[in-house]
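**Q** Here it is, the structure, as structure tokens.
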Amino acid sequence: RKQPLYSLTPDCVRNGKIPQARASFELQARKQIPPEQVNIIPCDSPAKAEWVYPRSGFKRVIVYAHGGGFVAGSARTHRPIASDFAIRAEAAVLNVCYRLAPENGLSDAIDDLDNCFGWLRKTYQIPKDCVAYAGDSAGASLCISSILEHRSNVPAAVVAMSPVISLYPNLTDESSSLFTNRQTDFLSPESLSVFGELIGVHAQDDLLQTSTNNAIRPHKSHLFNKGRIPLDDFPPLLVQAGGGEILLDDAKRLVTSAQDCDAKATLEVYEGMFHAFQLFPRFVNEAEEALDSSCEFIGRHTRSLSSDLQEETLQKFLDHR
């Protein structure tokens, strides 16, 4: 069950082998064929993206952000899980291919997600309460960051699978999940600081903020804050984590922070599971359970599109290819 998606180790990243890691990730993706029940079409969104929607129709929209340590992954690598969300939640999924580090900074990825949300609302006249965010790993973190940084575009619900919160964790705390779960997860604690460096985030006591590297836009992150995460007025949040992953404590801290801000937040822990296990529903029963729970949560907290708007949106999909 301890199965890595790609060879994105600290040494690989530091030695400039990110292109090889990306290629490995894409190669793995080719082995996973999306189900026949969905259509996949390109779109002219602000960031590169594609629509994944059920051939039988859809009732809501999900903006999906893929994982990959902020440096790898794409819409293509995550078509299978986007398809799962589309079918199970009866949703049109905007599968976003945000800009990656180290060529781009954290701000760029956050803006890509927010701009895509704004674009779909303007282009398709989709109400906010018919839209949800979902993402895994780094993508889950970007979903949360996008809302914290851009309060004008807030979806009706958020599903965060194995979110990354601690970019510079305390590696001396032997009671944390970083230590207790390092033998049951493919993600290493040492890799977290490497990801932080690549997106331009450096450690500070109060807020983590991006470096002054000319290639990266200066940015202060409210999510990767070592103190309180300001989740006031946050939409309903479902956080899922594997009981055997090193970021289990991150998931707990995120939910506690939301509840401290009187936000509706739920934590689901799947015992024995590794980081981003939801990507493997064909091989892991717990992934099936987690995806069903995620889509039930989205269905419960989003409003269905009117039949007329469903038809208009589908026609615009075809017109804007």
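By order in the structure tokens, chains are A, B, ...; within a chain, residues start at 1; ligands start at 1, following the order shown.
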Residues of region 66-207 of chain A in helix (DSSP H, G or I) according to DSSP, as JSON, numbers by chain?
**A** {"A": [79, 80, 81, 82, 83, 84, 85, 86, 87, 88, 106, 107, 108, 109, 110, 111, 112, 113, 114, 115, 116, 117, 118, 119, 120, 121, 122, 123, 124, 128, 129, 130, 138, 139, 140, 141, 142, 143, 144, 145, 146, 147, 148, 149, 177, 178, 179, 180, 189, 190, 191, 192, 193, 194, 195, 196, 197, 198]}
**Q** Mind writing the picked residues with C-alpha atoms as an mmCIF file, in the first residue's frame?
**A**
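Produced file result_20.cif, reproduced below:
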data_model
loop_
_atom_site.group_PDB
_atom_site.id
_atom_site.type_symbol
_atom_site.label_atom_id
_atom_site.label_comp_id
_atom_site.auth_asym_id
_atom_site.auth_seq_id
_atom_site.Cartn_x
_atom_site.Cartn_y
_atom_site.Cartn_z
ATOM 1 C CA ARG A 79 -8.015 12.970 -15.129
ATOM 2 C CA PRO A 80 -8.972 9.703 -13.410
ATOM 3 C CA ILE A 81 -9.797 11.329 -10.065
ATOM 4 C CA ALA A 82 -11.442 14.286 -11.824
ATOM 5 C CA SER A 83 -13.573 11.712 -13.634
ATOM 6 C CA ASP A 84 -14.429 10.036 -10.337
ATOM 7 C CA PHE A 85 -15.631 13.343 -8.913
ATOM 8 C CA ALA A 86 -17.581 14.082 -12.094
ATOM 9 C CA ILE A 87 -19.454 10.774 -12.000
ATOM 10 C CA ARG A 88 -19.995 10.451 -8.252
ATOM 11 C CA LEU A 106 2.957 30.304 -4.939
ATOM 12 C CA SER A 107 1.082 33.491 -5.873
ATOM 13 C CA ASP A 108 0.910 32.438 -9.519
ATOM 14 C CA ALA A 109 -0.663 29.076 -8.718
ATOM 15 C CA ILE A 110 -3.162 30.666 -6.325
ATOM 16 C CA ASP A 111 -4.102 33.313 -8.891
ATOM 17 C CA ASP A 112 -4.585 30.660 -11.590
ATOM 18 C CA LEU A 113 -7.142 28.864 -9.461
ATOM 19 C CA ASP A 114 -8.960 32.065 -8.501
ATOM 20 C CA ASN A 115 -8.973 33.373 -12.079
ATOM 21 C CA CYS A 116 -10.456 30.114 -13.326
ATOM 22 C CA PHE A 117 -13.242 30.383 -10.751
ATOM 23 C CA GLY A 118 -13.961 33.962 -11.778
ATOM 24 C CA TRP A 119 -13.853 33.005 -15.455
ATOM 25 C CA LEU A 120 -16.329 30.143 -15.138
ATOM 26 C CA ARG A 121 -18.750 32.334 -13.177
ATOM 27 C CA LYS A 122 -18.545 35.113 -15.781
ATOM 28 C CA THR A 123 -18.523 32.903 -18.875
ATOM 29 C CA TYR A 124 -21.167 30.412 -17.808
ATOM 30 C CA LYS A 128 -21.230 30.547 -6.370
ATOM 31 C CA ASP A 129 -23.466 28.215 -4.424
ATOM 32 C CA CYS A 130 -23.343 25.694 -7.284
ATOM 33 C CA ALA A 138 -0.558 20.589 -2.822
ATOM 34 C CA GLY A 139 -3.774 21.125 -4.766
ATOM 35 C CA ALA A 140 -5.784 20.957 -1.545
ATOM 36 C CA SER A 141 -3.520 23.624 -0.072
ATOM 37 C CA LEU A 142 -4.031 25.834 -3.125
ATOM 38 C CA CYS A 143 -7.824 25.528 -2.830
ATOM 39 C CA ILE A 144 -7.672 26.778 0.747
ATOM 40 C CA SER A 145 -5.076 29.467 -0.052
ATOM 41 C CA SER A 146 -7.149 30.771 -2.954
ATOM 42 C CA ILE A 147 -10.092 31.429 -0.638
ATOM 43 C CA LEU A 148 -7.905 33.018 2.038
ATOM 44 C CA GLU A 149 -6.270 35.341 -0.493
ATOM 45 C CA SER A 177 2.932 12.124 12.642
ATOM 46 C CA LEU A 178 6.058 13.188 10.764
ATOM 47 C CA PHE A 179 7.931 10.661 12.881
ATOM 48 C CA THR A 180 5.313 8.098 13.805
ATOM 49 C CA PRO A 189 9.315 14.836 6.136
ATOM 50 C CA GLU A 190 12.507 16.229 4.588
ATOM 51 C CA SER A 191 10.710 16.850 1.291
ATOM 52 C CA LEU A 192 8.372 19.444 2.819
ATOM 53 C CA SER A 193 11.038 22.120 3.285
ATOM 54 C CA VAL A 194 12.246 21.466 -0.263
ATOM 55 C CA PHE A 195 8.775 22.196 -1.599
ATOM 56 C CA GLY A 196 8.735 25.365 0.515
ATOM 57 C CA GLU A 197 12.003 26.519 -1.004
ATOM 58 C CA LEU A 198 10.798 25.816 -4.539
#
**Q** Just want the 8 Å neighbourhood of Val96 (chain A), counted on only C-alpha atoms, with same-chain residues fewer than 3 positions away dropped. Output as an mmCIF file with N, CA, C and O atoms, in the first residue's frame.
**A**
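The resulting file, around.cif, is shown below:
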data_model
loop_
_atom_site.group_PDB
_atom_site.id
_atom_site.type_symbol
_atom_site.label_atom_id
_atom_site.label_comp_id
_atom_site.auth_asym_id
_atom_site.auth_seq_id
_atom_site.Cartn_x
_atom_site.Cartn_y
_atom_site.Cartn_z
ATOM 1 N N ALA A 47 -6.132 29.975 -17.029
ATOM 2 C CA ALA A 47 -5.045 29.004 -16.890
ATOM 3 C C ALA A 47 -5.416 27.779 -17.714
ATOM 4 O O ALA A 47 -6.588 27.519 -17.976
ATOM 5 N N LYS A 48 -4.418 27.041 -18.110
ATOM 6 C CA LYS A 48 -4.694 25.832 -18.881
ATOM 7 C C LYS A 48 -5.580 24.904 -18.062
ATOM 8 O O LYS A 48 -5.311 24.634 -16.891
ATOM 9 N N ALA A 49 -6.646 24.405 -18.671
ATOM 10 C CA ALA A 49 -7.588 23.549 -17.955
ATOM 11 C C ALA A 49 -8.407 22.763 -18.965
ATOM 12 O O ALA A 49 -8.341 23.001 -20.176
ATOM 13 N N GLU A 50 -9.178 21.834 -18.449
ATOM 14 C CA GLU A 50 -10.072 21.048 -19.292
ATOM 15 C C GLU A 50 -11.343 20.748 -18.515
ATOM 16 O O GLU A 50 -11.358 20.736 -17.286
ATOM 17 N N VAL A 63 -14.262 22.817 -9.136
ATOM 18 C CA VAL A 63 -12.943 23.263 -9.601
ATOM 19 C C VAL A 63 -11.922 22.383 -8.904
ATOM 20 O O VAL A 63 -11.837 22.381 -7.669
ATOM 21 N N TYR A 64 -11.159 21.611 -9.689
ATOM 22 C CA TYR A 64 -10.211 20.648 -9.109
ATOM 23 C C TYR A 64 -8.767 21.106 -9.305
ATOM 24 O O TYR A 64 -8.369 21.503 -10.400
ATOM 25 N N ALA A 65 -7.991 21.021 -8.216
ATOM 26 C CA ALA A 65 -6.566 21.366 -8.252
ATOM 27 C C ALA A 65 -5.751 20.119 -7.933
ATOM 28 O O ALA A 65 -5.890 19.537 -6.856
ATOM 29 N N HIS A 66 -4.897 19.722 -8.842
ATOM 30 C CA HIS A 66 -4.116 18.494 -8.697
ATOM 31 C C HIS A 66 -2.979 18.652 -7.692
ATOM 32 O O HIS A 66 -2.522 19.750 -7.385
ATOM 33 N N SER A 74 -0.444 17.541 -13.468
ATOM 34 C CA SER A 74 -1.150 18.294 -14.498
ATOM 35 C C SER A 74 -2.598 17.842 -14.534
ATOM 36 O O SER A 74 -2.999 16.929 -13.803
ATOM 37 N N ALA A 75 -3.370 18.464 -15.396
ATOM 38 C CA ALA A 75 -4.747 18.012 -15.581
ATOM 39 C C ALA A 75 -4.757 16.572 -16.089
ATOM 40 O O ALA A 75 -5.604 15.763 -15.704
ATOM 41 N N LEU A 113 -5.929 29.506 -9.951
ATOM 42 C CA LEU A 113 -7.142 28.864 -9.461
ATOM 43 C C LEU A 113 -8.267 29.883 -9.307
ATOM 44 O O LEU A 113 -9.402 29.656 -9.741
ATOM 45 N N CYS A 116 -9.600 31.110 -12.679
ATOM 46 C CA CYS A 116 -10.456 30.114 -13.326
ATOM 47 C C CYS A 116 -11.860 30.123 -12.723
ATOM 48 O O CYS A 116 -12.855 29.989 -13.437
#
**Q** What does the structure give for the distance between CA of Val269 (chain A) and CA of Gln240 (chain A), in Å to one decimal?
**A**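 If I compute the distance from CA of Val269 (chain A) to CA of Gln240 (chain A), I get 5.9 Å.
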**Q** Go through A:Val239, A:Ala265, A:Val52, A:Val131 and flag the residue nearest Val154 (chain A), using only C-alpha atoms for the distances.
**A**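 Closest residue, counting only C-alpha atoms: A:Val131.
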**Q** If we count only C-alpha atoms and set the cut-off at 8 Å, which residues sit around Val159 (chain A), ignoring sequence neighbours fewer than 4 positions away in its own chain? Please answer as a list in words.
**A**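 After dropping sequence-adjacent residues, the list is Ala132, Tyr133, Ala134, Gly135, Ala140, Leu237, Leu238, Val239, Gln240, Ser294 and Ile298 of chain A.
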**Q** Please produce a file of those selected residues containing C-alpha atoms, as a PDB file, in the first residue's frame.
**A**
ATOM      1  CA  ALA A 132     -17.169  23.493  -4.947  1.00  0.00           C
ATOM      2  CA  TYR A 133     -13.385  23.301  -4.697  1.00  0.00           C
ATOM      3  CA  ALA A 134     -11.561  19.979  -4.424  1.00  0.00           C
ATOM      4  CA  GLY A 135      -7.889  19.078  -4.461  1.00  0.00           C
ATOM      5  CA  ALA A 140      -5.784  20.957  -1.545  1.00  0.00           C
ATOM      6  CA  LEU A 237     -14.762  22.154   4.732  1.00  0.00           C
ATOM      7  CA  LEU A 238     -14.137  18.408   4.534  1.00  0.00           C
ATOM      8  CA  VAL A 239     -10.568  17.330   5.274  1.00  0.00           C
ATOM      9  CA  GLN A 240      -9.464  13.764   4.602  1.00  0.00           C
ATOM     10  CA  SER A 294     -16.385  13.675  -0.605  1.00  0.00           C
ATOM     11  CA  ILE A 298     -20.292  18.348  -2.104  1.00  0.00           C
TER      12      ILE A 298
END
**Q** Within 12 Å of Leu267 (chain A), counting only C-alpha atoms, which residues qualify if same-chain residues fewer than 3 places away don't, as a ChimeraX atom specification?
**A** /A:159-163,236-243,248-259,264,270,290,293-294,297
**Q** Env of Asp185 (chain A): 7 Å cut, atoms = only C-alpha atoms, seq-sep filter 4 positions within chain, self excluded. Answer as a list in words.
**A**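 Near neighbours after the sequence-gap exclusion: Lys2, Asn181, Gly244, Glu245, Ile246, Phe274 and His275 of chain A.
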**Q** Restricting it to C-alpha atoms, dump the selection as a PDB file, in the first residue's frame.
**A**
ATOM      1  CA  LYS A   2       3.003   2.282   0.301  1.00  0.00           C
ATOM      2  CA  ASN A 181       4.165   7.635  10.189  1.00  0.00           C
ATOM      3  CA  GLY A 244      -0.560   6.334   8.141  1.00  0.00           C
ATOM      4  CA  GLU A 245       0.551   9.537   6.422  1.00  0.00           C
ATOM      5  CA  ILE A 246       3.081  12.016   7.748  1.00  0.00           C
ATOM      6  CA  PHE A 274      -0.938   6.820   2.956  1.00  0.00           C
ATOM      7  CA  HIS A 275      -0.713  10.329   1.483  1.00  0.00           C
TER       8      HIS A 275
END
**Q** Would you mind writing down, as a ChimeraX atom specification, each residue of region 102-210 of chain A that DSSP on the backbone assigns to strand (DSSP E)?
**A** /A:131-136,157-161,201-202,208-210
**Q** So, counting only C-alpha atoms, which residue among A:Tyr53, A:Tyr98, A:Phe58, A:Phe70 is closest to Ser307 (chain A)?
**A**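 Using only C-alpha atoms, Ser307 (chain A) sits closest to A:Phe58.
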**Q** Which distance in Å separates CA of Trp51 (chain A) and CA of Glu26 (chain A), to one decimal?
**A**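 Atom-to-atom, CA of Trp51 (chain A) to CA of Glu26 (chain A), that is 18.7 Å.
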**Q** For Lys31 (chain A), work out the shell of residues within 12 Å, counting only C-alpha atoms and skipping chain neighbours fewer than 4 positions away, then give it as a PyMOL selection string.
**A** chain A and resi 5+24-27+76-80
**Q** Please measure the separation of CA of Gly69 (chain A) and CA of Cys97 (chain A), giving the value in Å to one decimal.
**A** 13.5 Å
**Q** Would you pick out the contacts of Gln310 (chain A) at 9 Å or less, using only C-alpha atoms, so that residues sharing its chain but fewer than 5 positions from it are not included, and give the list as number ranges by chain?
**A** A: 57-60, 305, 315
**Q** Filtering to N, CA, C and O atoms, could you give me those residues as a PDB file, in the first residue's frame?
**A**
ATOM      1  N   GLY A  57     -24.986  13.971 -18.011  1.00  0.00           N
ATOM      2  CA  GLY A  57     -25.375  15.292 -17.547  1.00  0.00           C
ATOM      3  C   GLY A  57     -24.777  15.619 -16.187  1.00  0.00           C
ATOM      4  O   GLY A  57     -24.168  14.772 -15.534  1.00  0.00           O
ATOM      5  N   PHE A  58     -24.944  16.861 -15.744  1.00  0.00           N
ATOM      6  CA  PHE A  58     -24.354  17.305 -14.482  1.00  0.00           C
ATOM      7  C   PHE A  58     -25.267  18.314 -13.812  1.00  0.00           C
ATOM      8  O   PHE A  58     -26.082  18.971 -14.450  1.00  0.00           O
ATOM      9  N   LYS A  59     -25.099  18.429 -12.466  1.00  0.00           N
ATOM     10  CA  LYS A  59     -25.954  19.315 -11.675  1.00  0.00           C
ATOM     11  C   LYS A  59     -25.187  20.440 -10.990  1.00  0.00           C
ATOM     12  O   LYS A  59     -25.803  21.364 -10.452  1.00  0.00           O
ATOM     13  N   ARG A  60     -23.865  20.347 -10.964  1.00  0.00           N
ATOM     14  CA  ARG A  60     -23.049  21.328 -10.241  1.00  0.00           C
ATOM     15  C   ARG A  60     -21.676  21.386 -10.886  1.00  0.00           C
ATOM     16  O   ARG A  60     -21.379  20.646 -11.821  1.00  0.00           O
ATOM     17  N   LEU A 305     -27.758  23.131 -10.364  1.00  0.00           N
ATOM     18  CA  LEU A 305     -28.035  24.060 -11.442  1.00  0.00           C
ATOM     19  C   LEU A 305     -29.456  23.825 -11.959  1.00  0.00           C
ATOM     20  O   LEU A 305     -29.956  22.697 -11.958  1.00  0.00           O
ATOM     21  N   GLN A 315     -23.835  23.628 -23.802  1.00  0.00           N
ATOM     22  CA  GLN A 315     -23.670  24.190 -25.137  1.00  0.00           C
ATOM     23  C   GLN A 315     -22.455  25.107 -25.191  1.00  0.00           C
ATOM     24  O   GLN A 315     -21.697  25.105 -26.170  1.00  0.00           O
TER      25      GLN A 315
END
**Q** Which residue gives the smallest distance to Arg303 (chain A) among A:Phe317, A:Pro230, A:Ile126, A:Ile199, with only C-alpha atoms counted?
**A**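 With only C-alpha atoms as the atom set, the closest residue is A:Ile126.
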